[in-house]
Structures are given as structure tokens and as C-alpha cells.
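> My structure is stored as upload.csv, with CSV, C-alpha atoms.
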chain,number,residue,atom,x,y,z
A,1,MET,CA,18.7,38.0,57.3
A,2,SER,CA,18.2,41.6,58.4
A,3,ASN,CA,14.7,43.1,59.0
A,4,LEU,CA,15.3,45.4,56.0
A,5,GLN,CA,16.1,42.5,53.7
A,6,GLN,CA,13.0,40.6,54.9
A,7,LEU,CA,10.9,43.7,54.1
A,8,ALA,CA,12.6,44.2,50.7
A,9,ASP,CA,11.9,40.6,49.8
A,10,GLN,CA,8.3,40.9,50.9
A,11,ILE,CA,7.8,44.1,48.8
A,12,GLU,CA,9.5,42.4,45.8
A,13,GLU,CA,7.0,39.5,46.1
A,14,GLU,CA,4.0,41.8,45.7
A,15,ILE,CA,2.6,41.5,42.2
A,16,LYS,CA,1.6,44.7,40.4
A,17,PRO,CA,0.0,44.8,37.0
A,18,PRO,CA,2.5,45.7,34.3
A,19,VAL,CA,0.7,49.0,33.4
A,20,HIS,CA,4.0,50.4,32.0
A,21,LEU,CA,3.7,47.8,29.2
A,22,TRP,CA,0.1,48.6,28.4
A,23,LYS,CA,-0.4,51.2,25.6
A,24,PRO,CA,-4.1,51.4,24.8
A,25,ASP,CA,-5.6,54.4,23.0
A,26,PHE,CA,-7.3,57.1,25.1
A,27,SER,CA,-10.9,55.9,25.8
A,28,GLY,CA,-12.4,59.0,27.4
A,29,GLU,CA,-13.0,60.3,30.9
A,30,ILE,CA,-14.5,58.5,33.9
A,31,ASP,CA,-15.9,60.5,36.9
A,32,ILE,CA,-13.4,59.3,39.4
A,33,TYR,CA,-11.6,61.9,41.5
A,34,ILE,CA,-8.8,61.7,44.1
A,35,ASP,CA,-8.8,64.6,46.6
A,36,SER,CA,-5.8,66.2,48.3
A,37,ASN,CA,-6.3,63.9,51.3
A,38,GLY,CA,-6.0,60.8,49.1
A,39,ALA,CA,-9.7,59.9,49.2
A,40,TRP,CA,-11.2,58.4,46.1
A,41,PHE,CA,-14.7,59.4,44.8
A,42,HIS,CA,-16.9,58.1,42.0
A,43,GLU,CA,-19.6,60.5,40.7
A,44,GLY,CA,-19.2,62.6,43.8
A,45,ASP,CA,-19.6,59.8,46.3
A,46,PRO,CA,-16.7,58.3,48.3
A,47,ILE,CA,-15.5,54.9,47.2
A,48,ARG,CA,-15.7,53.1,50.5
A,49,ARG,CA,-14.5,49.7,49.4
A,50,TYR,CA,-10.8,49.6,50.2
A,51,LYS,CA,-10.1,46.7,47.9
A,52,LEU,CA,-11.6,48.5,45.0
A,53,VAL,CA,-9.5,51.6,45.6
A,54,LYS,CA,-6.4,49.5,46.0
A,55,LEU,CA,-7.2,47.8,42.7
A,56,PHE,CA,-7.7,51.1,40.9
A,57,SER,CA,-4.4,52.5,42.5
A,58,ASN,CA,-2.5,49.5,41.0
A,59,ILE,CA,-3.7,50.4,37.4
A,60,LEU,CA,-3.0,54.1,37.8
A,61,TRP,CA,-0.8,55.8,35.2
A,62,PHE,CA,0.5,59.4,34.9
A,63,GLU,CA,1.3,60.8,31.4
A,64,ASP,CA,1.3,64.3,29.9
A,65,ASP,CA,0.2,65.9,33.2
A,66,ASN,CA,-2.9,63.7,33.4
A,67,TYR,CA,-3.9,60.6,35.4
A,68,TYR,CA,-5.4,57.5,33.9
A,69,LEU,CA,-6.8,54.2,34.9
A,70,VAL,CA,-5.2,51.8,32.4
A,71,THR,CA,-6.0,48.3,31.3
A,72,PRO,CA,-4.6,46.4,28.3
A,73,VAL,CA,-7.5,47.8,26.2
A,74,GLU,CA,-8.6,51.0,27.9
A,75,LYS,CA,-7.1,54.3,29.1
A,76,MET,CA,-9.7,56.3,31.1
A,77,GLN,CA,-8.7,59.8,32.4
A,78,ILE,CA,-9.5,60.6,36.1
A,79,ARG,CA,-9.0,63.8,38.1
A,80,VAL,CA,-6.4,64.2,40.9
A,81,ASP,CA,-6.1,67.2,43.2
A,82,ASP,CA,-2.4,66.9,43.9
A,83,VAL,CA,-1.0,63.4,43.9
A,84,PRO,CA,-2.8,60.1,44.3
A,85,PHE,CA,-1.0,58.9,47.4
A,86,LEU,CA,-0.1,60.1,50.9
A,87,ILE,CA,2.7,58.9,53.1
A,88,VAL,CA,1.0,58.1,56.4
A,89,GLU,CA,3.7,56.1,58.3
A,90,SER,CA,7.4,56.1,58.5
A,91,ASN,CA,9.9,53.7,60.2
A,92,TYR,CA,13.7,53.6,60.5
A,93,ILE,CA,14.9,50.1,59.9
A,94,ASP,CA,18.5,49.0,59.6
A,95,GLY,CA,19.6,52.5,58.6
A,96,HIS,CA,16.9,53.0,56.0
A,97,TRP,CA,13.6,54.9,56.0
A,98,VAL,CA,10.6,52.8,55.2
A,99,VAL,CA,7.4,54.6,54.5
A,100,THR,CA,3.8,53.4,54.0
A,101,THR,CA,1.2,55.0,51.8
A,102,ASN,CA,-2.5,55.5,52.6
A,103,LEU,CA,-3.1,52.4,50.4
A,104,SER,CA,-0.5,50.2,52.3
A,105,ASP,CA,2.3,50.4,49.7
A,106,GLN,CA,5.6,50.1,51.6
A,107,LEU,CA,8.6,51.8,50.1
A,108,ILE,CA,12.2,51.9,51.1
A,109,ILE,CA,13.5,55.5,50.5
A,110,GLY,CA,16.5,55.4,48.1
A,111,GLU,CA,17.3,55.7,44.4
A,112,GLU,CA,14.2,53.7,43.4
A,113,HIS,CA,11.9,55.7,45.7
A,114,LYS,CA,13.4,59.2,45.7
A,115,VAL,CA,12.3,62.2,47.8
A,116,GLU,CA,11.7,65.5,46.1
A,117,LEU,CA,10.7,68.8,47.6
A,118,ARG,CA,7.7,70.5,45.9
A,119,SER,CA,5.6,73.5,46.7
A,120,TYR,CA,2.2,72.6,48.2
A,121,LYS,CA,-0.1,75.3,49.4
A,122,GLY,CA,2.7,77.8,49.7
A,123,GLN,CA,5.2,75.5,51.6
A,124,TRP,CA,7.9,73.1,50.6
A,125,VAL,CA,6.8,69.6,51.3
A,126,PRO,CA,8.6,66.3,50.6
A,127,TYR,CA,7.1,63.9,48.1
A,128,VAL,CA,8.2,60.3,47.6
A,129,GLN,CA,8.2,58.5,44.3
A,130,VAL,CA,5.9,55.5,44.5
A,131,ARG,CA,6.3,53.9,41.1
A,132,TYR,CA,6.7,55.1,37.5
A,133,ASP,CA,5.8,58.8,37.7
A,134,LEU,CA,3.4,58.5,40.6
A,135,TRP,CA,4.2,60.3,43.8
A,136,ALA,CA,3.0,60.5,47.4
A,137,ARG,CA,3.0,63.6,49.6
A,138,LEU,CA,4.1,63.3,53.2
A,139,ASN,CA,1.3,63.6,55.6
A,140,ARG,CA,1.9,66.1,58.4
A,141,ASN,CA,2.6,63.5,61.1
A,142,VAL,CA,5.4,61.9,59.0
A,143,TYR,CA,6.8,65.3,58.1
A,144,ASN,CA,6.9,66.2,61.8
A,145,GLU,CA,8.6,62.9,62.6
A,146,TRP,CA,11.3,63.5,60.0
A,147,MET,CA,11.8,67.1,61.1
A,148,ALA,CA,12.2,66.0,64.7
A,149,GLU,CA,14.8,63.4,63.6
A,150,VAL,CA,16.8,66.0,61.7
A,151,LEU,CA,16.7,68.4,64.6
A,152,ASP,CA,17.8,65.6,67.0
A,153,THR,CA,20.7,64.4,64.8
A,154,ASP,CA,22.0,67.5,62.9
A,155,ASP,CA,23.9,70.0,64.9
A,156,SER,CA,25.3,72.0,62.0
A,157,GLY,CA,22.0,73.8,61.3
A,158,GLU,CA,22.9,74.1,57.6
A,159,GLU,CA,20.7,71.6,55.8
A,160,LEU,CA,17.6,69.8,56.9
A,161,ALA,CA,18.3,66.4,55.4
A,162,LEU,CA,18.1,62.7,56.3
A,163,THR,CA,19.8,59.7,54.9
A,164,SER,CA,18.4,56.3,54.0
A,165,GLY,CA,21.3,53.9,53.4
A,166,ASP,CA,23.6,55.9,51.1
A,167,TYR,CA,20.8,58.1,49.8
A,168,ARG,CA,20.6,61.6,51.2
A,169,PHE,CA,17.5,63.8,50.8
A,170,SER,CA,16.4,67.2,51.9
A,171,ILE,CA,13.1,67.5,53.8
A,172,ALA,CA,12.8,71.3,54.0
A,173,HIS,CA,13.7,74.3,51.9
A,174,ASP,CA,14.3,77.8,53.3
A,175,GLU,CA,12.7,79.7,50.4
A,176,LEU,CA,9.7,79.4,48.2
For this file, produce the structure as C-alpha cells.


Amino acid sequence: MSNLQQLADQIEEEIKPPVHLWKPDFSGEIDIYIDSNGAWFHEGDPIRRYKLVKLFSNILWFEDDNYYLVTPVEKMQIRVDDVPFLIVESNYIDGHWVVTTNLSDQLIIGEEHKVELRSYKGQWVPYVQVRYDLWARLNRNVYNEWMAEVLDTDDSGEELALTSGDYRFSIAHDEL
């Protein structure tokens, strides 16, 4: 069994709450905030308990340009600066890019976890789909790693793109 298949099996075994099936009515707002660095805050103070942040991230939902913490009976709106996750690590395994979020979610770049360029602070930056309509922005170190890989492997100079299996994705855009 390949390293990639072992990783895919491990990811598949992770149990996530079925938030896509939960449709509670809006319950109000809660003073939880995720800043542009992926740090979580409650009533202005950092949430320092990683397991609590991980739990909250697993019940996160995006709908109508708003973020919510959702349970089967509640839907509480929270504030998010940009996106709730950052991609903080990247590895190339058996011809596929595998990325890790700031909350330890591992994703195999491809049709299920697409890469999309978005404008962030006046620059085009790659974002990766985590699940549902939740996205992660590439941290600078991963972006630099991907850019170095493109420059090392692409001698055409036409498009700054990588492939993960059969999935091809751009990592830079020449205009804003």
C-alpha cells in the first residue's frame, strides 16, 4: 500500500460531525472571533485550549456570507476576519500535494480539496477548500515552498501551476 493510500485511509477514518445535515434555526450571535492568523478568541481573550478550538472548528458552517457554530439544535453566528483555517504545512507524497491546516486537518489537494486564487491584502493568494464551503489560506511558508517548486520544475515561464495527481492548479496570478 502506498504512503498516499495509507494517509487517505487515515483521513477517511477521522469522524467529523455531520453539520451538513443539521438545519437548526438561527439562535443569535456568540462573541467568538477568528482573526486573519487563524487564532480563535472568546470575548476578546484568546482561546488557549487547542481541543476546544478543534471541537469548534469541527462544527463550523458557512452560509450566506456568515460563519456559524452549528449543533443539531443551535446555530450561533461568529465573526471571521478572512477564512477560519490556514495551511501551515505541505508535503509531496506519491505525486500528490498533502497539506495540513493550523488545526491539524490533513487534506490531499485534488477535486475534493480544490485550490482557488483569491485576492488577500492586494495580492493573489491560493486558498484550499477544507470541507463544505470552508476554506484555508496558504501561510507564507507554504506559498514560498510551492513557488520554489514551480520555479524549479516549470521552464516555460507561462503559468505558475502545480499538479496533484491529475489535478492542476494555479498558485499565482499576474494581475489583480

> What lies within 12 Å of Val99 in chain A using all atoms listed in the file, ignoring chain neighbours under 2 positions off, as a ChimeraX atom specification?

/A:7,11,85-93,96-97,101-110,113-115,127-130,136-139,142-143,145-146,164

> Work out how far apart CA of Ile59 in chain A and CA of Asp45 in chain A are and give it in Å to one decimal.

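We find that CA of Ile59 in chain A and CA of Asp45 in chain A lie 20.5 Å from each other.
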
> If I take CA of Glu159 in chain A and CA of Trp135 in chain A, how far is one from the other in Å, to one decimal?

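Separation of CA of Glu159 in chain A and CA of Trp135 in chain A: 23.3 Å.
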
> For a test of reading the model, state the distance in Å between CA of Leu134 in chain A and CA of Trp61 in chain A, rounded to one decimal.

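For CA of Leu134 in chain A relative to CA of Trp61 in chain A, the distance reads 7.4 Å.
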
> Write out as an MDAnalysis selection string each polymer residue whose atoms come within 12 Å of range 16-23 of chain A, counting only C-alpha atoms; drop sequence neighbours fewer than 6 positions from it.

chainID A and resid 54:63 68:76 105 131:134

> Compare A:Leu162, A:Val98, A:Ile32, A:Leu151 by their minimum atom-to-atom distance to Ile78 in chain A, counting all atoms listed in the file, and give me the closest one.

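For Ile78 in chain A, the nearest of the given residues is A:Ile32.
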
> Need the shell around Ala148 in chain A: protein/DNA/RNA residues with any atom at most 12 Å away, counting only C-alpha atoms. Skip same-chain ones fewer than 5 positions apart. Format as a list in words?

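Residues near the query, excluding close chain neighbours: Asn141, Val142, Tyr143, Thr153, Asp154, Leu160, Ala161, Leu162, Ile171 and Ala172 of chain A.
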
> With distances taken over only C-alpha atoms, which of A:Glu149, A:Glu29, A:Glu111, A:Asp81 is nearest to Arg168 in chain A?

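Of all the options, A:Glu111 lies closest to Arg168 in chain A.
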
> Considering all atoms listed in the file, state which residue in the set A:Ser36, A:Asn144, A:Ser27, A:Ser170 is at the smallest distance from Gln77 in chain A.

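Among the listed residues, the smallest separation from Gln77 in chain A belongs to A:Ser27.
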